[in-house]
Amino acid sequence: MGGKIVGISQADARRLWLRAQRLDEKAPFGAGPSAVAAAIGHLGYVQIDTINVIERCHHHILWSRIPGYRTTSLAAVQSGEKSAFEYWTHALAYVPTSDYRFFVPAMAARRCKAHPFHGRVDPDAYAAMLARIRDQGPLSLRDIDDEKLEEKRHPWASRKPSKRLLDYGFWVGDLTISARTGMVKSYELTDRHFGWTEPVTAATPDEFAAYLLDRGLRTQGVVSLESMTYGDAPAKAAVARLVAERVASGAVVPIEIAGLARANHWATPAALDEGATLERTRRVHILSPFDPLVIQRKRLAALFGHDHRFEAYVPAAKRVLGYFALPVLVGDRVIAAIDTKMDRKAGALAIQKWTWLVPEMPGLRSRIEAALGRFEQFQKLA
């Protein structure tokens with residue numbers, strides 16, 4: 001795509017990624033709800049997941065970057081400040097409300113073409129559901145107890161027909177998740193929740209491409225076309241055109257990472273200048289398998305040498321790392337994977353399995369155990 005190629009080491013690429021993910025500082029976003037809003041705003045998304053053997057991943061991801069994080073802070077951001085909303089990125093996630101317009105085209109597409117999961121949505125029943133929420137206020141599925149139950153059509157479905165209606169409203173943007181109690185969602189009219197009096201203008205395809213490129217550069221340091229469009233493969237062509245334009249203008253620089261198979265990578269000149277001054281971090285992080293640093297498995301394997309296995313849905317006899325193994329980041333290397341489970345009655349974190357990914361070195365276990373102690377306290381106080 002033109003432009004002089006700058007060569008960097010894998011260690012440089014890792015440091016740039018850790019800096020972009022804000023994992024090389026103690027409290028990069030401060031504390032409290034304002035820190036949660038800032039973290040989501042910087043990261044672009046925080047993945048949501050239901051698995052609860054330890055604190056759920058959306059809270060875990062934020063705790064990794066916000067010392068003293070409490071789950072009530074996320075609730076304040078979603079339901080009070082309303083500076084984050086839930087929608088699909090590569091998975092269901094908390095997204096900055098300031099980015100809402102970039103998701104409006106996906107909502108419109110859902111309205112035009114029914115998703116197989118929803119099946120046929122009866123328009124009269126759907127209109128009645130919207131009217132009920134308009135009259136009664138936000139509703140959760142638990143609040144609806146006056147309907148005839150049906151057979152499940154999918155393991156994740158509900159016997160309540162209203163679940164399909166609520167899901168449809170969420171995906172097309174008529175409804176938003178106004179609050180969560182655990183994993184129980186309350187649905188509210190989107191415009192009323194945010195106080196909007198006019199429809200949100202949908203981003204154009206070129207604007208969406210710029211959003212993906214800018215988000216990638218901000219959160220990954222060094223990017224590839226695959227890493228920027230993770231979960232948005234149809235946008236690759238538009239993002240590639242935009243990258244070519246920015247390379248031509250000098251806004252981004254082509255990068256070659258030593259030791260990797262030849263692939264196109266890019267970074268901003270500012271990131272490269274900052275990277276030249278970064279010292280190697282020694283921080284220890286017990287990461288979620290859904291952390292933004294971990295979720296792109298191929299990228300993690302290429303730069304950190306660890307091909308993380310998520311084995312919750314793997315038969316027990318075939319598991320290598322464990323049901324819910326957590327990657328352990330020490331400095332700029334993933335050096336272990338620890339399968340943990342919180343014994344909530346005993347108030348203790350149980351270590352199911354500890355897998356070293358590098359030869360154990362003196363003092364390393366004690367440092368990780370200290371981090372596990374902090375992680376256990378988070379489980380108790382979150």
# chains A, B, ... in the order shown; residues from 1 in each chain; ligands from 1
call {"tool": "residues_around", "arguments": {"residues": "A:Phe324", "least_positions_apart": "5", "cutoff": "9 Å", "atoms": "only C-alpha atoms", "output": "PDB file with N, CA, C and O atoms, in the first residue's frame"}}
result
ATOM      1  N   ILE A  51     -21.066 -16.924  31.732  1.00  0.00           N
ATOM      2  CA  ILE A  51     -20.381 -17.895  32.589  1.00  0.00           C
ATOM      3  C   ILE A  51     -19.987 -17.229  33.902  1.00  0.00           C
ATOM      4  O   ILE A  51     -19.406 -16.147  33.918  1.00  0.00           O
ATOM      5  N   VAL A  53     -18.438 -18.966  36.873  1.00  0.00           N
ATOM      6  CA  VAL A  53     -17.637 -19.728  37.830  1.00  0.00           C
ATOM      7  C   VAL A  53     -16.746 -18.783  38.637  1.00  0.00           C
ATOM      8  O   VAL A  53     -16.353 -19.077  39.768  1.00  0.00           O
ATOM      9  N   ILE A  54     -16.375 -17.674  38.018  1.00  0.00           N
ATOM     10  CA  ILE A  54     -15.786 -16.538  38.712  1.00  0.00           C
ATOM     11  C   ILE A  54     -16.620 -15.327  38.307  1.00  0.00           C
ATOM     12  O   ILE A  54     -17.620 -15.475  37.610  1.00  0.00           O
ATOM     13  N   SER A 288      -9.123 -12.279  31.750  1.00  0.00           N
ATOM     14  CA  SER A 288     -10.282 -13.042  31.298  1.00  0.00           C
ATOM     15  C   SER A 288      -9.983 -13.644  29.929  1.00  0.00           C
ATOM     16  O   SER A 288      -9.290 -13.019  29.108  1.00  0.00           O
ATOM     17  N   PRO A 289     -10.501 -14.838  29.642  1.00  0.00           N
ATOM     18  CA  PRO A 289     -10.346 -15.384  28.285  1.00  0.00           C
ATOM     19  C   PRO A 289     -11.081 -14.557  27.235  1.00  0.00           C
ATOM     20  O   PRO A 289     -10.864 -14.746  26.040  1.00  0.00           O
ATOM     21  N   PHE A 310     -10.116 -21.999  24.835  1.00  0.00           N
ATOM     22  CA  PHE A 310     -11.291 -21.814  25.684  1.00  0.00           C
ATOM     23  C   PHE A 310     -12.042 -23.129  25.694  1.00  0.00           C
ATOM     24  O   PHE A 310     -12.586 -23.562  24.675  1.00  0.00           O
ATOM     25  N   GLU A 311     -12.077 -23.798  26.844  1.00  0.00           N
ATOM     26  CA  GLU A 311     -12.492 -25.192  26.892  1.00  0.00           C
ATOM     27  C   GLU A 311     -13.780 -25.446  27.663  1.00  0.00           C
ATOM     28  O   GLU A 311     -14.103 -26.591  27.980  1.00  0.00           O
ATOM     29  N   ALA A 312     -14.540 -24.383  27.934  1.00  0.00           N
ATOM     30  CA  ALA A 312     -15.782 -24.582  28.683  1.00  0.00           C
ATOM     31  C   ALA A 312     -16.739 -25.508  27.949  1.00  0.00           C
ATOM     32  O   ALA A 312     -17.537 -26.213  28.583  1.00  0.00           O
ATOM     33  N   ILE A 338      -4.361 -20.532  34.335  1.00  0.00           N
ATOM     34  CA  ILE A 338      -4.841 -21.070  35.604  1.00  0.00           C
ATOM     35  C   ILE A 338      -6.352 -21.191  35.562  1.00  0.00           C
ATOM     36  O   ILE A 338      -7.065 -20.203  35.341  1.00  0.00           O
ATOM     37  N   ASP A 339      -6.827 -22.403  35.757  1.00  0.00           N
ATOM     38  CA  ASP A 339      -8.263 -22.668  35.795  1.00  0.00           C
ATOM     39  C   ASP A 339      -8.739 -22.438  37.225  1.00  0.00           C
ATOM     40  O   ASP A 339      -8.312 -23.141  38.152  1.00  0.00           O
ATOM     41  N   THR A 340      -9.611 -21.460  37.406  1.00  0.00           N
ATOM     42  CA  THR A 340     -10.062 -21.090  38.748  1.00  0.00           C
ATOM     43  C   THR A 340     -11.572 -21.225  38.867  1.00  0.00           C
ATOM     44  O   THR A 340     -12.301 -21.225  37.871  1.00  0.00           O
ATOM     45  N   LYS A 341     -12.016 -21.314  40.114  1.00  0.00           N
ATOM     46  CA  LYS A 341     -13.446 -21.331  40.411  1.00  0.00           C
ATOM     47  C   LYS A 341     -13.648 -20.705  41.779  1.00  0.00           C
ATOM     48  O   LYS A 341     -12.904 -21.011  42.715  1.00  0.00           O
TER      49      LYS A 341
END
call {"tool": "residues_around", "arguments": {"residues": "A:Arg132", "least_positions_apart": "5", "cutoff": "12 Å", "atoms": "only C-alpha atoms", "output": "number ranges by chain"}}
result
A: 125-127, 137-140, 143-144, 162, 165-166, 187-189
call {"tool": "closest_residue", "arguments": {"among": "A:Leu43, A:Leu242, A:Ser186, A:Leu141", "to": "A:Trp17", "atoms": "only C-alpha atoms"}}
result
A:Leu43
call {"tool": "residues_around", "arguments": {"residues": "A:Val222", "least_positions_apart": "6", "cutoff": "10 Å", "atoms": "only C-alpha atoms", "output": "number ranges by chain"}}
result
A: 12-17, 20, 216, 228, 253-257, 265-268, 271-272
call {"tool": "select_by_dssp", "arguments": {"residues": "stretch 247-280 of chain A", "states": "alpha helix (DSSP H)", "output": "PyMOL selection string"}}
result
chain A and resi 247-249+269-275
call {"tool": "decode", "arguments": {"residues": "stretch 213-256 of chain A", "atoms": "C-alpha atoms", "output": "PDB file, in the first residue's frame"}}
result
ATOM      1  CA  LEU A 213      -9.600   1.800  11.712  1.00  0.00           C
ATOM      2  CA  ASP A 214      -9.464   4.442  14.437  1.00  0.00           C
ATOM      3  CA  ARG A 215     -10.675   2.025  17.103  1.00  0.00           C
ATOM      4  CA  GLY A 216      -8.069  -0.516  16.040  1.00  0.00           C
ATOM      5  CA  LEU A 217      -5.210   1.973  16.072  1.00  0.00           C
ATOM      6  CA  ARG A 218      -6.283   3.264  19.485  1.00  0.00           C
ATOM      7  CA  THR A 219      -6.705  -0.130  21.147  1.00  0.00           C
ATOM      8  CA  GLN A 220      -4.137  -2.341  19.395  1.00  0.00           C
ATOM      9  CA  GLY A 221      -1.161  -0.077  18.715  1.00  0.00           C
ATOM     10  CA  VAL A 222      -0.080  -2.063  15.661  1.00  0.00           C
ATOM     11  CA  VAL A 223      -2.962  -3.276  13.501  1.00  0.00           C
ATOM     12  CA  SER A 224      -3.639  -5.647  10.637  1.00  0.00           C
ATOM     13  CA  LEU A 225      -6.659  -5.700   8.377  1.00  0.00           C
ATOM     14  CA  GLU A 226      -7.856  -8.853  10.175  1.00  0.00           C
ATOM     15  CA  SER A 227      -7.426  -7.386  13.655  1.00  0.00           C
ATOM     16  CA  MET A 228      -9.317  -4.189  12.796  1.00  0.00           C
ATOM     17  CA  THR A 229     -12.245  -5.981  11.169  1.00  0.00           C
ATOM     18  CA  TYR A 230     -12.536  -8.825  13.687  1.00  0.00           C
ATOM     19  CA  GLY A 231     -16.245  -9.610  13.669  1.00  0.00           C
ATOM     20  CA  ASP A 232     -16.846  -7.214  10.755  1.00  0.00           C
ATOM     21  CA  ALA A 233     -15.285  -9.030   7.797  1.00  0.00           C
ATOM     22  CA  PRO A 234     -17.604  -7.401   5.193  1.00  0.00           C
ATOM     23  CA  ALA A 235     -15.957  -4.053   6.007  1.00  0.00           C
ATOM     24  CA  LYS A 236     -12.453  -5.240   4.980  1.00  0.00           C
ATOM     25  CA  ALA A 237     -12.484  -3.696   1.515  1.00  0.00           C
ATOM     26  CA  ALA A 238     -13.546  -0.254   2.766  1.00  0.00           C
ATOM     27  CA  VAL A 239     -11.022  -0.346   5.621  1.00  0.00           C
ATOM     28  CA  ALA A 240      -8.241  -1.378   3.213  1.00  0.00           C
ATOM     29  CA  ARG A 241      -9.033   1.577   0.939  1.00  0.00           C
ATOM     30  CA  LEU A 242      -8.942   3.945   3.901  1.00  0.00           C
ATOM     31  CA  VAL A 243      -5.631   2.525   5.112  1.00  0.00           C
ATOM     32  CA  ALA A 244      -4.133   3.140   1.653  1.00  0.00           C
ATOM     33  CA  GLU A 245      -5.311   6.757   1.796  1.00  0.00           C
ATOM     34  CA  ARG A 246      -3.809   7.315   5.235  1.00  0.00           C
ATOM     35  CA  VAL A 247      -0.523   5.675   4.278  1.00  0.00           C
ATOM     36  CA  ALA A 248      -0.329   8.017   1.272  1.00  0.00           C
ATOM     37  CA  SER A 249      -0.931  11.017   3.543  1.00  0.00           C
ATOM     38  CA  GLY A 250       1.548   9.822   6.186  1.00  0.00           C
ATOM     39  CA  ALA A 251      -1.148   9.432   8.862  1.00  0.00           C
ATOM     40  CA  VAL A 252      -0.285   5.737   9.267  1.00  0.00           C
ATOM     41  CA  VAL A 253       2.946   3.860   8.613  1.00  0.00           C
ATOM     42  CA  PRO A 254       3.403   0.346   7.164  1.00  0.00           C
ATOM     43  CA  ILE A 255       5.000  -1.992   9.716  1.00  0.00           C
ATOM     44  CA  GLU A 256       6.914  -5.236   9.400  1.00  0.00           C
TER      45      GLU A 256
END
